[in-house]
file model-v8.pdb (PDB, C-alpha atoms)
ATOM      1  CA  MET T  34     -49.218 -15.593 -27.011
ATOM      2  CA  THR T  35     -48.907 -19.155 -28.216
ATOM      3  CA  ASP T  36     -45.727 -20.656 -29.632
ATOM      4  CA  ILE T  37     -46.507 -21.439 -33.289
ATOM      5  CA  GLU T  38     -44.426 -24.632 -33.194
ATOM      6  CA  THR T  39     -45.249 -26.201 -29.836
ATOM      7  CA  LYS T  40     -48.760 -24.697 -29.611
ATOM      8  CA  ARG T  41     -47.976 -23.996 -25.977
ATOM      9  CA  ARG T  42     -47.955 -20.688 -24.100
ATOM     10  CA  LEU T  43     -44.838 -18.588 -24.750
ATOM     11  CA  THR T  44     -42.997 -18.730 -21.428
ATOM     12  CA  VAL T  45     -40.138 -16.587 -20.189
ATOM     13  CA  ASN T  46     -37.278 -18.806 -18.983
ATOM     14  CA  THR T  47     -35.259 -17.850 -15.924
ATOM     15  CA  GLU T  48     -32.721 -20.629 -15.352
ATOM     16  CA  GLY T  49     -29.082 -19.646 -14.960
ATOM     17  CA  ASN T  50     -27.842 -16.234 -13.877
ATOM     18  CA  ALA T  51     -27.599 -14.515 -17.243
ATOM     19  CA  GLY T  52     -31.076 -12.997 -17.047
ATOM     20  CA  PRO T  53     -34.493 -14.100 -18.320
ATOM     21  CA  TYR T  54     -34.922 -15.106 -21.944
ATOM     22  CA  LEU T  55     -37.439 -16.421 -24.418
ATOM     23  CA  MET T  56     -37.071 -19.066 -27.129
ATOM     24  CA  VAL T  57     -39.282 -18.342 -30.097
ATOM     25  CA  PRO T  58     -39.516 -19.632 -33.688
ATOM     26  CA  LEU T  59     -37.830 -17.226 -36.090
ATOM     27  CA  ASP T  60     -41.062 -16.914 -38.098
ATOM     28  CA  GLN T  61     -42.797 -15.616 -34.988
ATOM     29  CA  LEU T  62     -40.003 -13.272 -33.947
ATOM     30  CA  PRO T  63     -41.330 -10.079 -35.631
ATOM     31  CA  GLU T  64     -44.732 -10.504 -33.971
ATOM     32  CA  VAL T  65     -43.195 -11.081 -30.528
ATOM     33  CA  ARG T  66     -40.774  -8.175 -30.896
ATOM     34  CA  ASN T  67     -43.621  -5.932 -31.937
ATOM     35  CA  VAL T  68     -45.506  -6.765 -28.739
ATOM     36  CA  LEU T  69     -42.396  -6.184 -26.628
ATOM     37  CA  GLN T  70     -41.656  -2.873 -28.312
ATOM     38  CA  GLN T  71     -45.234  -1.662 -27.996
ATOM     39  CA  ASN T  72     -44.986  -2.287 -24.258
ATOM     40  CA  GLY T  73     -41.568  -0.689 -23.861
ATOM     41  CA  ILE T  74     -39.833  -3.931 -22.871
ATOM     42  CA  GLY T  75     -36.103  -3.759 -23.588
ATOM     43  CA  HIS T  76     -34.647  -6.848 -25.220
ATOM     44  CA  VAL T  77     -31.828  -8.106 -27.433
ATOM     45  CA  VAL T  78     -32.115 -10.889 -29.987
ATOM     46  CA  ALA T  79     -29.158 -13.287 -29.804
ATOM     47  CA  PRO T  80     -27.192 -13.297 -33.083
ATOM     48  CA  ASP T  81     -27.493 -17.059 -33.575
ATOM     49  CA  ALA T  82     -30.753 -18.748 -34.513
ATOM     50  CA  ILE T  83     -30.693 -22.540 -34.352
ATOM     51  CA  GLY T  84     -32.567 -25.027 -36.553
ATOM     52  CA  LEU T  85     -32.329 -28.699 -35.602
ATOM     53  CA  ASN T  86     -33.258 -31.642 -37.829
ATOM     54  CA  GLY T  87     -35.587 -29.681 -40.080
ATOM     55  CA  ARG T  88     -37.530 -28.152 -37.199
ATOM     56  CA  PRO T  89     -38.318 -24.415 -37.196
ATOM     57  CA  VAL T  90     -35.334 -22.150 -36.646
ATOM     58  CA  ILE T  91     -35.368 -20.911 -33.049
ATOM     59  CA  ALA T  92     -34.294 -17.429 -31.985
ATOM     60  CA  ILE T  93     -33.468 -16.399 -28.429
ATOM     61  CA  ILE T  94     -34.572 -13.090 -26.966
ATOM     62  CA  ASP T  95     -32.599 -11.825 -23.940
ATOM     63  CA  PHE T  96     -34.131  -9.407 -21.466
ATOM     64  CA  GLY T  97     -31.181  -8.566 -19.200
ATOM     65  CA  ARG T  98     -30.671  -9.343 -15.530
ATOM     66  CA  SER T  99     -32.806  -6.530 -14.181
ATOM     67  CA  ALA T 100     -35.850  -7.324 -16.320
ATOM     68  CA  ASP T 101     -39.277  -7.659 -14.676
ATOM     69  CA  VAL T 102     -40.129 -11.267 -15.530
ATOM     70  CA  GLY T 103     -43.676 -11.033 -14.179
ATOM     71  CA  ARG T 104     -44.497  -8.031 -16.326
ATOM     72  CA  ILE T 105     -42.974  -9.564 -19.484
ATOM     73  CA  GLN T 106     -44.972 -12.782 -18.978
ATOM     74  CA  ALA T 107     -48.141 -10.789 -18.334
ATOM     75  CA  VAL T 108     -47.640  -8.807 -21.546
ATOM     76  CA  LEU T 109     -47.091 -12.012 -23.553
ATOM     77  CA  ASP T 110     -50.116 -13.676 -21.964
ATOM     78  CA  ALA T 111     -52.306 -10.678 -22.785
ATOM     79  CA  ALA T 112     -51.180 -10.439 -26.395
TER      80      ALA T 112
ATOM     81  CA  MET I 254       9.976  -5.029 -50.233
ATOM     82  CA  GLY I 255      12.978  -5.325 -47.917
ATOM     83  CA  GLU I 256      13.620  -8.106 -45.421
ATOM     84  CA  LEU I 257      12.331  -6.132 -42.427
ATOM     85  CA  ALA I 258       9.207  -5.049 -44.310
ATOM     86  CA  LEU I 259       8.506  -8.670 -45.252
ATOM     87  CA  ALA I 260       8.951  -9.754 -41.652
ATOM     88  CA  ILE I 261       6.495  -7.054 -40.506
ATOM     89  CA  GLN I 262       3.989  -8.112 -43.164
ATOM     90  CA  SER I 263       4.313 -11.719 -42.021
ATOM     91  CA  LEU I 264       3.818 -10.654 -38.403
ATOM     92  CA  ARG I 265       0.692  -8.714 -39.387
ATOM     93  CA  ASP I 266      -0.660 -11.743 -41.272
ATOM     94  CA  ASN I 267      -0.014 -14.034 -38.304
ATOM     95  CA  TYR I 268      -1.923 -11.760 -35.938
ATOM     96  CA  ALA I 269      -4.789 -11.332 -38.397
ATOM     97  CA  ARG I 270      -5.009 -15.141 -38.523
ATOM     98  CA  VAL I 271      -4.958 -15.390 -34.717
ATOM     99  CA  LEU I 272      -7.740 -12.793 -34.475
ATOM    100  CA  ASN I 273      -9.807 -14.738 -37.006
ATOM    101  CA  GLU I 274      -9.249 -17.967 -35.070
ATOM    102  CA  LEU I 275     -10.260 -16.318 -31.803
ATOM    103  CA  HIS I 276     -13.441 -14.897 -33.315
ATOM    104  CA  ASP I 277     -14.261 -18.187 -35.066
ATOM    105  CA  ASP I 278     -13.755 -20.048 -31.797
ATOM    106  CA  TYR I 279     -16.067 -17.577 -30.073
ATOM    107  CA  VAL I 280     -18.831 -17.974 -32.653
ATOM    108  CA  HIS I 281     -18.501 -21.750 -32.950
ATOM    109  CA  THR I 282     -18.494 -22.318 -29.176
ATOM    110  CA  ARG I 283     -21.427 -19.958 -28.720
ATOM    111  CA  MET I 284     -23.334 -21.833 -31.419
ATOM    112  CA  LEU I 285     -22.607 -25.177 -29.748
ATOM    113  CA  TRP I 286     -23.973 -23.908 -26.439
ATOM    114  CA  GLN I 287     -27.033 -22.414 -28.123
ATOM    115  CA  THR I 288     -27.655 -25.654 -29.989
ATOM    116  CA  LEU I 289     -27.452 -27.721 -26.825
ATOM    117  CA  HIS I 290     -29.656 -25.218 -25.040
ATOM    118  CA  VAL I 291     -32.408 -25.389 -27.677
ATOM    119  CA  TRP I 292     -32.060 -29.147 -28.079
ATOM    120  CA  VAL I 293     -32.528 -29.858 -24.368
ATOM    121  CA  GLN I 294     -34.611 -26.964 -23.106
ATOM    122  CA  ARG I 295     -37.070 -26.748 -25.982
ATOM    123  CA  TYR I 296     -37.228 -30.295 -27.330
ATOM    124  CA  GLY I 297     -36.611 -32.216 -24.114
ATOM    125  CA  GLU I 298     -33.747 -34.267 -25.541
ATOM    126  CA  ASN I 299     -31.250 -35.674 -23.086
ATOM    127  CA  LEU I 300     -27.646 -36.777 -22.805
ATOM    128  CA  THR I 301     -25.192 -37.623 -20.050
ATOM    129  CA  ILE I 302     -21.605 -36.475 -19.921
ATOM    130  CA  GLU I 303     -19.073 -37.901 -17.506
ATOM    131  CA  ASN I 304     -15.762 -36.237 -16.729
ATOM    132  CA  PRO I 305     -13.256 -39.126 -16.508
ATOM    133  CA  ILE I 306     -10.898 -37.058 -14.336
ATOM    134  CA  THR I 307     -13.305 -35.860 -11.643
ATOM    135  CA  ARG I 308     -15.817 -38.689 -12.229
ATOM    136  CA  SER I 309     -18.573 -36.074 -12.144
ATOM    137  CA  SER I 310     -21.603 -36.719 -14.279
ATOM    138  CA  VAL I 311     -24.033 -34.183 -15.720
ATOM    139  CA  ASN I 312     -27.262 -34.683 -17.639
ATOM    140  CA  GLY I 313     -28.620 -32.609 -20.492
ATOM    141  CA  ALA I 314     -30.924 -30.453 -18.387
ATOM    142  CA  ASP I 315     -28.165 -29.531 -15.936
ATOM    143  CA  LEU I 316     -25.755 -28.869 -18.783
ATOM    144  CA  ALA I 317     -28.289 -26.700 -20.614
ATOM    145  CA  GLY I 318     -28.686 -24.729 -17.371
ATOM    146  CA  LYS I 319     -24.997 -23.891 -17.604
ATOM    147  CA  ALA I 320     -25.324 -22.658 -21.185
ATOM    148  CA  ARG I 321     -26.080 -19.028 -20.492
ATOM    149  CA  PRO I 322     -23.499 -18.389 -17.739
ATOM    150  CA  SER I 323     -20.946 -20.300 -19.820
ATOM    151  CA  MET I 324     -21.724 -18.147 -22.840
ATOM    152  CA  GLN I 325     -21.242 -15.031 -20.708
ATOM    153  CA  ARG I 326     -17.845 -16.312 -19.563
ATOM    154  CA  LEU I 327     -17.027 -17.158 -23.179
ATOM    155  CA  THR I 328     -17.935 -13.608 -24.240
ATOM    156  CA  ASN I 329     -15.734 -12.099 -21.510
ATOM    157  CA  ARG I 330     -12.815 -14.415 -22.269
ATOM    158  CA  SER I 331     -13.034 -13.838 -26.024
ATOM    159  CA  PHE I 332     -13.140 -10.064 -25.525
ATOM    160  CA  LYS I 333     -10.070 -10.163 -23.266
ATOM    161  CA  ASP I 334      -8.155 -12.543 -25.575
ATOM    162  CA  ILE I 335      -8.847 -10.402 -28.644
ATOM    163  CA  VAL I 336      -7.899  -7.128 -26.936
ATOM    164  CA  ALA I 337      -4.657  -8.735 -25.667
ATOM    165  CA  GLN I 338      -3.503  -9.428 -29.241
ATOM    166  CA  LEU I 339      -2.606  -5.787 -29.904
ATOM    167  CA  GLU I 340      -0.193  -5.685 -26.977
ATOM    168  CA  LEU I 341       1.422  -8.941 -28.128
ATOM    169  CA  PHE I 342       1.649  -7.659 -31.701
ATOM    170  CA  VAL I 343       3.248  -4.359 -30.663
ATOM    171  CA  ALA I 344       5.810  -6.179 -28.491
ATOM    172  CA  GLU I 345       6.802  -8.456 -31.388
ATOM    173  CA  LEU I 346       6.894  -5.542 -33.818
ATOM    174  CA  LEU I 347       9.180  -3.605 -31.458
ATOM    175  CA  ARG I 348      11.470  -6.645 -31.214
ATOM    176  CA  LEU I 349      11.776  -6.749 -35.012
ATOM    177  CA  TRP I 350      12.164  -2.990 -35.282
ATOM    178  CA  LEU I 351      14.773  -2.554 -32.559
ATOM    179  CA  LEU I 352      16.881  -5.509 -33.732
ATOM    180  CA  ASN I 353      17.023  -3.809 -37.129
ATOM    181  CA  ASN I 354      17.493  -0.268 -35.817
ATOM    182  CA  THR I 355      20.022  -0.730 -33.044
ATOM    183  CA  GLU I 356      20.748   2.994 -32.810
ATOM    184  CA  LEU I 357      17.474   3.200 -30.864
ATOM    185  CA  ILE I 358      18.951   1.099 -28.070
ATOM    186  CA  ALA I 359      22.443   2.576 -28.114
ATOM    187  CA  ALA I 360      21.863   4.464 -24.866
ATOM    188  CA  LYS I 361      20.981   1.316 -22.927
ATOM    189  CA  GLY I 362      23.419   0.279 -20.183
ATOM    190  CA  LEU I 363      25.439  -2.917 -20.481
ATOM    191  CA  ASN I 364      25.129  -5.786 -18.050
ATOM    192  CA  VAL I 365      28.668  -6.728 -16.979
ATOM    193  CA  GLY I 366      27.507 -10.286 -16.215
ATOM    194  CA  THR I 367      26.451 -10.723 -19.822
ATOM    195  CA  LEU I 368      29.864  -9.556 -21.034
ATOM    196  CA  LEU I 369      31.723 -11.866 -18.690
ATOM    197  CA  GLU I 370      29.668 -14.868 -19.800
ATOM    198  CA  SER I 371      30.422 -14.230 -23.474
ATOM    199  CA  GLN I 372      33.295 -16.078 -25.138
ATOM    200  CA  THR I 373      33.852 -13.694 -28.038
ATOM    201  CA  LEU I 374      33.257 -10.039 -28.826
ATOM    202  CA  GLU I 375      30.591 -10.987 -31.370
ATOM    203  CA  GLU I 376      28.786 -13.109 -28.809
ATOM    204  CA  ALA I 377      28.952 -10.252 -26.298
ATOM    205  CA  GLN I 378      27.548  -7.789 -28.822
ATOM    206  CA  ASP I 379      24.673 -10.111 -29.731
ATOM    207  CA  ALA I 380      23.827 -10.718 -26.087
ATOM    208  CA  ALA I 381      23.999  -7.002 -25.280
ATOM    209  CA  VAL I 382      21.674  -6.153 -28.182
ATOM    210  CA  ARG I 383      19.173  -8.827 -27.153
ATOM    211  CA  GLU I 384      19.171  -7.573 -23.568
ATOM    212  CA  ALA I 385      18.772  -3.969 -24.631
ATOM    213  CA  VAL I 386      15.914  -4.869 -26.992
ATOM    214  CA  GLU I 387      14.048  -6.859 -24.355
ATOM    215  CA  SER I 388      14.487  -4.207 -21.665
ATOM    216  CA  THR I 389      13.268  -1.520 -24.101
ATOM    217  CA  ILE I 390      10.192  -3.603 -24.913
ATOM    218  CA  VAL I 391       9.455  -4.126 -21.213
ATOM    219  CA  ASP I 392       9.958  -0.416 -20.596
ATOM    220  CA  LYS I 393       7.566   0.598 -23.382
ATOM    221  CA  MET I 394       4.936  -2.090 -22.835
ATOM    222  CA  LEU I 395       4.601  -1.765 -19.070
ATOM    223  CA  GLY I 396       2.638   1.437 -19.420
ATOM    224  CA  ARG I 397      -0.805   2.214 -20.756
ATOM    225  CA  PRO I 398      -1.644   1.935 -24.466
ATOM    226  CA  GLU I 399      -1.184   5.667 -25.034
ATOM    227  CA  LYS I 400       2.473   5.145 -24.116
ATOM    228  CA  TRP I 401       2.857   2.431 -26.774
ATOM    229  CA  PHE I 402       1.037   4.556 -29.313
ATOM    230  CA  GLY I 403       3.234   7.567 -28.443
ATOM    231  CA  TYR I 404       6.416   5.555 -28.992
ATOM    232  CA  LEU I 405       5.119   4.144 -32.282
ATOM    233  CA  LYS I 406       4.069   7.590 -33.492
ATOM    234  CA  ASN I 407       7.533   8.869 -32.666
ATOM    235  CA  GLN I 408       9.518   5.959 -34.137
ATOM    236  CA  LEU I 409       7.297   4.821 -37.016
ATOM    237  CA  ARG I 410       5.539   8.087 -37.794
ATOM    238  CA  LEU I 411       2.407   6.141 -36.989
ATOM    239  CA  ARG I 412      -0.768   7.948 -37.910
ATOM    240  CA  LEU I 413      -3.991   6.688 -36.352
ATOM    241  CA  ASP I 414      -7.486   7.970 -36.590
ATOM    242  CA  GLY I 415      -8.350   9.186 -33.102
ATOM    243  CA  ARG I 416     -11.436   6.977 -32.917
ATOM    244  CA  GLY I 417      -9.519   3.698 -33.187
ATOM    245  CA  GLU I 418      -6.976   4.726 -30.574
ATOM    246  CA  ALA I 419      -9.634   6.028 -28.166
ATOM    247  CA  SER I 420     -11.766   2.907 -28.650
ATOM    248  CA  PHE I 421      -8.828   0.667 -27.912
ATOM    249  CA  CYS I 422      -7.857   2.593 -24.746
ATOM    250  CA  GLU I 423     -11.437   2.171 -23.511
ATOM    251  CA  MET I 424     -11.490  -1.544 -24.364
ATOM    252  CA  LYS I 425      -8.152  -2.107 -22.625
ATOM    253  CA  ALA I 426      -9.522  -0.274 -19.561
ATOM    254  CA  ARG I 427     -12.653  -2.460 -19.697
ATOM    255  CA  ARG I 428     -10.500  -5.553 -20.020
ATOM    256  CA  ASP I 429      -8.585  -4.498 -16.867
ATOM    257  CA  VAL I 430     -11.882  -4.018 -14.978
ATOM    258  CA  LEU I 431     -13.013  -7.534 -15.964
ATOM    259  CA  GLU I 432      -9.641  -9.046 -15.111
ATOM    260  CA  HIS I 433      -8.778  -7.215 -11.905
ATOM    261  CA  ASN I 434     -11.970  -5.731 -10.433
ATOM    262  CA  SER I 435     -14.631  -8.419 -10.963
ATOM    263  CA  GLY I 436     -16.236  -6.353 -13.709
ATOM    264  CA  ILE I 437     -17.136  -3.424 -11.442
ATOM    265  CA  VAL I 438     -16.126  -0.083 -12.945
ATOM    266  CA  ASN I 439     -13.699   1.897 -10.772
ATOM    267  CA  ALA I 440     -11.955   5.267 -10.961
ATOM    268  CA  ALA I 441      -8.969   3.672 -12.724
ATOM    269  CA  TYR I 442     -11.271   2.722 -15.615
ATOM    270  CA  ILE I 443     -12.461   6.318 -16.014
ATOM    271  CA  ASP I 444      -8.855   7.510 -16.003
ATOM    272  CA  LYS I 445      -7.651   4.859 -18.485
ATOM    273  CA  ALA I 446     -10.634   5.175 -20.833
ATOM    274  CA  LYS I 447      -9.686   8.819 -21.424
ATOM    275  CA  VAL I 448     -12.118  10.454 -23.848
ATOM    276  CA  ALA I 449     -14.283   7.392 -24.550
ATOM    277  CA  PRO I 450     -15.658   5.935 -21.287
ATOM    278  CA  LYS I 451     -18.773   3.815 -21.753
ATOM    279  CA  TYR I 452     -19.537   3.272 -18.075
ATOM    280  CA  LYS I 453     -19.562   5.210 -14.833
ATOM    281  CA  VAL I 454     -18.010   4.235 -11.503
ATOM    282  CA  GLY I 455     -19.932   1.377  -9.867
ATOM    283  CA  ASP I 456     -21.399  -0.010 -13.106
ATOM    284  CA  ASP I 457     -21.243  -3.785 -13.629
ATOM    285  CA  VAL I 458     -19.688  -4.477 -17.037
ATOM    286  CA  GLN I 459     -21.909  -6.920 -18.947
ATOM    287  CA  LEU I 460     -20.359  -7.668 -22.318
ATOM    288  CA  LYS I 461     -22.520  -8.513 -25.302
ATOM    289  CA  ASP I 462     -21.764 -10.160 -28.640
ATOM    290  CA  GLN I 463     -21.323  -6.760 -30.247
ATOM    291  CA  ASP I 464     -18.493  -5.975 -27.801
ATOM    292  CA  VAL I 465     -16.529  -8.994 -29.061
ATOM    293  CA  ASP I 466     -17.197  -7.978 -32.672
ATOM    294  CA  GLU I 467     -16.068  -4.413 -31.946
ATOM    295  CA  ALA I 468     -12.921  -5.652 -30.189
ATOM    296  CA  TYR I 469     -12.104  -7.761 -33.256
ATOM    297  CA  HIS I 470     -12.626  -4.892 -35.711
ATOM    298  CA  VAL I 471     -10.756  -2.256 -33.674
ATOM    299  CA  THR I 472      -7.801  -4.548 -32.895
ATOM    300  CA  LEU I 473      -7.453  -5.694 -36.511
ATOM    301  CA  HIS I 474      -7.753  -2.102 -37.748
ATOM    302  CA  LEU I 475      -4.974  -0.962 -35.409
ATOM    303  CA  ILE I 476      -2.711  -3.906 -36.284
ATOM    304  CA  ASP I 477      -3.195  -3.084 -39.977
ATOM    305  CA  ALA I 478      -2.482   0.619 -39.442
ATOM    306  CA  ILE I 479       0.600  -0.001 -37.295
ATOM    307  CA  ALA I 480       1.998  -2.610 -39.714
ATOM    308  CA  ALA I 481       1.430  -0.284 -42.700
ATOM    309  CA  SER I 482       3.202   2.589 -40.920
ATOM    310  CA  ALA I 483       6.098   0.349 -39.933
ATOM    311  CA  ILE I 484       6.504  -0.981 -43.478
ATOM    312  CA  ALA I 485       6.430   2.560 -44.848
ATOM    313  CA  ALA I 486       8.991   3.631 -42.245
ATOM    314  CA  THR I 487      11.424   0.906 -43.372
ATOM    315  CA  ARG I 488      11.746   2.780 -46.668
ATOM    316  CA  THR I 489      12.754   6.074 -45.089
ATOM    317  CA  ARG I 490      15.191   5.010 -42.374
TER     318      ARG I 490
END
call {"tool": "encode", "arguments": {"input": "model-v8.pdb", "output": "structure tokens"}}
result
Amino acid sequence: MTDIETKRRLTVNTEGNAGPYLMVPLDQLPEVRNVLQQNGIGHVVAPDAIGLNGRPVIAIIDFGRSADVGRIQAVLDAA
Amino acid sequence: MGELALAIQSLRDNYARVLNELHDDYVHTRMLWQTLHVWVQRYGENLTIENPITRSSVNGADLAGKARPSMQRLTNRSFKDIVAQLELFVAELLRLWLLNNTELIAAKGLNVGTLLESQTLEEAQDAAVREAVESTIVDKMLGRPEKWFGYLKNQLRLRLDGRGEASFCEMKARRDVLEHNSGIVNAAYIDKAKVAPKYKVGDDVQLKDQDVDEAYHVTLHLIDAIAASAIAATRTR
């Protein structure tokens, strides 16, 4: 999948120790969640979505510490 | 409304305000971290922050890397702070109640030292009442929440829906696990959580935003219910 704002590949982030996560424009969130749900990937959308200086509002999807980052990335790449 | 009832209402209002401030602080701080995280991680913006005390310096990328663990600590701290408000409220309510219903402390023993230090009989009586009130509060509050609730039900004819009481006992047990057992669920948690355990022994408690919201709602609900019972009880004593 491609980020509709940056036009770059949607990439799962892993920095920190709170588990992998994904930043995604709010407008693209339903599409991304649909892909995750269809592939049985558990996730939680953070309650705050942030819009800075008129840019698209960004939502954060958390996958939990035990998530399989490789599989999530593969699913997003294939979508 | 009598003087004691007004004081209880004021106490309730103060704790409702504190709960609101704690939840606002949680949301605002979380938003600040999220904003920084998006700003730096997604848009590549930068900043440098220097701590004038330690002279340490951190750039935007390093700070953004701390966002998620910091938000987890914030969630844990906010949960614990919110849950702690009920205990503080009950202790202050008991202080008000016992000072106005001294027959409840009549059986307490007197400290001879207190009597000897007093210059007048009135001073001795005041000091004895204060001591008896404080020792009663310590006695009631040292135990588990069901002990506080039992005393309040007995003295204030407190009526609680079972769900609120059970939820609070579980949250207090979870708070103890986070505070004293590094977040790893132990047998004490299962015992304290009574009928509403959410984890099993060995689980690692990972709080989410909804846990803070639930703690806020349950604690405020119980403070409201206890204050309403206490105000009603002032009319019948």
call {"tool": "resolve_selection", "arguments": {"input": "model-v8.pdb", "expression": "the PyMOL selection byres ((chain T and resi 39) around 10)", "output": "PyMOL selection string"}}
result
(chain T and resi 35-38+40-43+57-58) or (chain I and resi 295-296)
call {"tool": "closest_atom_pairs", "arguments": {"input": "model-v8.pdb", "of": "chain T", "to": "chain I", "cutoff": "9 Å", "atoms": "only C-alpha atoms", "output": "tab-separated table"}}
result
residue	atom	partner	partner_atom	distance
T:Glu48	CA	I:Gly318	CA	6.1
T:Gly49	CA	I:Gly318	CA	5.6
T:Asn50	CA	I:Pro322	CA	6.2
T:Ala51	CA	I:Pro322	CA	5.7
T:Gly52	CA	I:Arg321	CA	8.6
T:Met56	CA	I:Arg295	CA	7.8
T:Ala79	CA	I:Asp462	CA	8.1
T:Pro80	CA	I:Asp462	CA	7.7
T:Asp81	CA	I:Met284	CA	6.7
T:Ala82	CA	I:Gln287	CA	8.3
T:Ile83	CA	I:Thr288	CA	6.2
T:Gly84	CA	I:Thr288	CA	8.2
T:Leu85	CA	I:Trp292	CA	7.5
T:Ile91	CA	I:Val291	CA	7.6
T:Ile93	CA	I:Gln287	CA	8.8
call {"tool": "atom_distance", "arguments": {"input": "model-v8.pdb", "atom1": "CA of Ile484 in chain I", "atom2": "CA of Ala258 in chain I"}}
result
5.0 Å
call {"tool": "residues_around", "arguments": {"input": "model-v8.pdb", "residues": "Leu409 in chain I", "least_positions_apart": "6", "cutoff": "9 Å", "atoms": "all atoms listed in the file", "output": "PyMOL selection string"}}
result
chain I and resi 479+482-487
call {"tool": "closest_residue", "arguments": {"input": "model-v8.pdb", "among": "I:Lys333, I:Arg270, I:Arg348, I:His470", "to": "Met424 in chain I", "atoms": "only C-alpha atoms"}}
result
I:Lys333
call {"tool": "atom_distance", "arguments": {"input": "model-v8.pdb", "atom1": "CA of Ala314 in chain I", "atom2": "CA of His276 in chain I"}}
result
27.8 Å
call {"tool": "residues_around", "arguments": {"input": "model-v8.pdb", "residues": "Ser99 in chain T", "least_positions_apart": "3", "cutoff": "9 Å", "atoms": "only C-alpha atoms", "output": "list in words"}}
result
Gly52, Pro53, Phe96 and Val102 of chain T
call {"tool": "resolve_selection", "arguments": {"input": "model-v8.pdb", "expression": "the PyMOL selection byres ((chain I and resi 458) around 9)", "output": "JSON, numbers by chain"}}
result
{"I": [427, 430, 431, 435, 436, 437, 438, 452, 456, 457, 459, 460]}
call {"tool": "axis_aligned_box", "arguments": {"input": "model-v8.pdb", "around": "range 62-68 of chain T", "padding_each_side": "6 Å", "output": "AutoDock Vina command-line options"}}
result
--center_x -42.8 --center_y -9.6 --center_z -32.2 --size_x 17.5 --size_y 19.3 --size_z 18.9
call {"tool": "resolve_selection", "arguments": {"input": "model-v8.pdb", "expression": "the PyMOL selection byres ((chain I and resi 302) around 9)", "output": "list in words"}}
result
Leu300, Thr301, Glu303, Asn304, Ser309, Ser310, Val311, Asn312, Gly313 and Leu316 of chain I
call {"tool": "closest_residue", "arguments": {"input": "model-v8.pdb", "among": "I:Lys361, I:Lys393, I:Lys447, I:Arg428", "to": "Leu405 in chain I", "atoms": "all atoms listed in the file"}}
result
I:Lys393
call {"tool": "atom_distance", "arguments": {"input": "model-v8.pdb", "atom1": "CA of Val336 in chain I", "atom2": "CA of Gly417 in chain I"}}
result
12.6 Å
